[in-house]
Amino acid sequence: MPDLRDDQGATMVEYAFMVGFVAMAAFLAVTLFGGSVRDLFQNAADLMP
């Protein structure tokens with residue numbers, strides 16, 4: 001009988017949750033800070049001769 005408490009490694013489901021979380025965090029970061037970063041780079045470009 002297998003030991004139900006044996007958790008030797010991450011399963012595919014756990015990897016899917018991690019990938020989903022990272023994708024959601026990246027989407028939120030781009031949504032929240034994308035405009036500010038664009039403006040920052042645009043201001044730097046405008047200062048160049």
# chains A, B, ... in the order shown; residues from 1 in each chain; ligands from 1
$ select_by_dssp --residues "chain A" --states "alpha helix (DSSP H)" --output "tab-separated table (two decimals) with C-alpha atoms, in the first residue's frame"
chain	number	residue	atom	x	y	z
A	12	MET	CA	2.21	18.67	-13.08
A	13	VAL	CA	-0.75	20.32	-11.37
A	14	GLU	CA	1.55	22.20	-9.01
A	15	TYR	CA	3.67	23.36	-11.94
A	16	ALA	CA	0.53	24.55	-13.73
A	17	PHE	CA	-0.49	26.59	-10.68
A	18	MET	CA	2.97	28.16	-10.49
A	19	VAL	CA	2.96	29.06	-14.19
A	20	GLY	CA	-0.53	30.50	-13.88
A	21	PHE	CA	0.46	32.58	-10.89
A	22	VAL	CA	3.56	33.95	-12.61
A	23	ALA	CA	1.54	34.78	-15.74
A	24	MET	CA	-1.11	36.55	-13.69
A	25	ALA	CA	1.52	38.53	-11.77
A	26	ALA	CA	3.24	39.57	-15.01
A	27	PHE	CA	-0.07	40.66	-16.53
A	28	LEU	CA	-0.95	42.72	-13.46
A	29	ALA	CA	2.51	44.32	-13.39
A	30	VAL	CA	2.29	45.34	-17.04
A	31	THR	CA	-1.25	46.62	-16.56
A	32	LEU	CA	-0.40	48.66	-13.48
A	33	PHE	CA	3.06	49.95	-14.39
A	34	GLY	CA	3.12	49.80	-18.19
A	35	GLY	CA	2.07	53.39	-18.74
A	36	SER	CA	4.55	54.73	-16.20
A	37	VAL	CA	7.43	52.79	-17.73
A	38	ARG	CA	6.45	53.93	-21.23
A	39	ASP	CA	6.36	57.55	-20.06
A	40	LEU	CA	9.73	57.17	-18.34
A	41	PHE	CA	11.37	55.91	-21.53
A	42	GLN	CA	9.60	58.54	-23.64
A	43	ASN	CA	10.87	61.33	-21.37
A	44	ALA	CA	14.40	59.96	-21.64
A	45	ALA	CA	14.09	59.78	-25.43
A	46	ASP	CA	12.77	63.33	-25.59
A	47	LEU	CA	15.83	64.61	-23.70
$ decode --residues "chain A" --atoms "C-alpha atoms" --output "PDB file, in the first residue's frame"
ATOM      1  CA  MET A   1       0.000   0.000   0.000  1.00  0.00           C
ATOM      2  CA  PRO A   2       1.515   3.378  -1.002  1.00  0.00           C
ATOM      3  CA  ASP A   3       2.254   5.990   1.597  1.00  0.00           C
ATOM      4  CA  LEU A   4      -0.198   8.865   1.023  1.00  0.00           C
ATOM      5  CA  ARG A   5       2.095  11.319   2.818  1.00  0.00           C
ATOM      6  CA  ASP A   6       4.939  10.679   0.358  1.00  0.00           C
ATOM      7  CA  ASP A   7       5.486  13.940  -1.539  1.00  0.00           C
ATOM      8  CA  GLN A   8       8.788  13.513  -3.298  1.00  0.00           C
ATOM      9  CA  GLY A   9       8.330  16.146  -5.992  1.00  0.00           C
ATOM     10  CA  ALA A  10       6.075  18.672  -7.572  1.00  0.00           C
ATOM     11  CA  THR A  11       3.321  17.298  -9.736  1.00  0.00           C
ATOM     12  CA  MET A  12       2.208  18.674 -13.081  1.00  0.00           C
ATOM     13  CA  VAL A  13      -0.753  20.320 -11.367  1.00  0.00           C
ATOM     14  CA  GLU A  14       1.552  22.201  -9.014  1.00  0.00           C
ATOM     15  CA  TYR A  15       3.674  23.364 -11.944  1.00  0.00           C
ATOM     16  CA  ALA A  16       0.533  24.553 -13.729  1.00  0.00           C
ATOM     17  CA  PHE A  17      -0.488  26.591 -10.677  1.00  0.00           C
ATOM     18  CA  MET A  18       2.968  28.155 -10.493  1.00  0.00           C
ATOM     19  CA  VAL A  19       2.961  29.057 -14.194  1.00  0.00           C
ATOM     20  CA  GLY A  20      -0.532  30.502 -13.885  1.00  0.00           C
ATOM     21  CA  PHE A  21       0.455  32.584 -10.886  1.00  0.00           C
ATOM     22  CA  VAL A  22       3.558  33.951 -12.612  1.00  0.00           C
ATOM     23  CA  ALA A  23       1.545  34.779 -15.744  1.00  0.00           C
ATOM     24  CA  MET A  24      -1.107  36.553 -13.692  1.00  0.00           C
ATOM     25  CA  ALA A  25       1.520  38.528 -11.767  1.00  0.00           C
ATOM     26  CA  ALA A  26       3.239  39.570 -15.012  1.00  0.00           C
ATOM     27  CA  PHE A  27      -0.074  40.655 -16.534  1.00  0.00           C
ATOM     28  CA  LEU A  28      -0.947  42.722 -13.462  1.00  0.00           C
ATOM     29  CA  ALA A  29       2.507  44.322 -13.393  1.00  0.00           C
ATOM     30  CA  VAL A  30       2.290  45.336 -17.040  1.00  0.00           C
ATOM     31  CA  THR A  31      -1.247  46.617 -16.560  1.00  0.00           C
ATOM     32  CA  LEU A  32      -0.405  48.657 -13.479  1.00  0.00           C
ATOM     33  CA  PHE A  33       3.062  49.945 -14.394  1.00  0.00           C
ATOM     34  CA  GLY A  34       3.125  49.795 -18.195  1.00  0.00           C
ATOM     35  CA  GLY A  35       2.070  53.387 -18.742  1.00  0.00           C
ATOM     36  CA  SER A  36       4.546  54.728 -16.201  1.00  0.00           C
ATOM     37  CA  VAL A  37       7.428  52.793 -17.726  1.00  0.00           C
ATOM     38  CA  ARG A  38       6.450  53.925 -21.231  1.00  0.00           C
ATOM     39  CA  ASP A  39       6.362  57.551 -20.060  1.00  0.00           C
ATOM     40  CA  LEU A  40       9.732  57.171 -18.341  1.00  0.00           C
ATOM     41  CA  PHE A  41      11.369  55.913 -21.533  1.00  0.00           C
ATOM     42  CA  GLN A  42       9.598  58.535 -23.638  1.00  0.00           C
ATOM     43  CA  ASN A  43      10.871  61.329 -21.372  1.00  0.00           C
ATOM     44  CA  ALA A  44      14.403  59.958 -21.637  1.00  0.00           C
ATOM     45  CA  ALA A  45      14.092  59.779 -25.431  1.00  0.00           C
ATOM     46  CA  ASP A  46      12.773  63.335 -25.592  1.00  0.00           C
ATOM     47  CA  LEU A  47      15.829  64.612 -23.696  1.00  0.00           C
ATOM     48  CA  MET A  48      18.232  63.101 -26.232  1.00  0.00           C
ATOM     49  CA  PRO A  49      19.429  65.426 -29.013  1.00  0.00           C
TER      50      PRO A  49
END
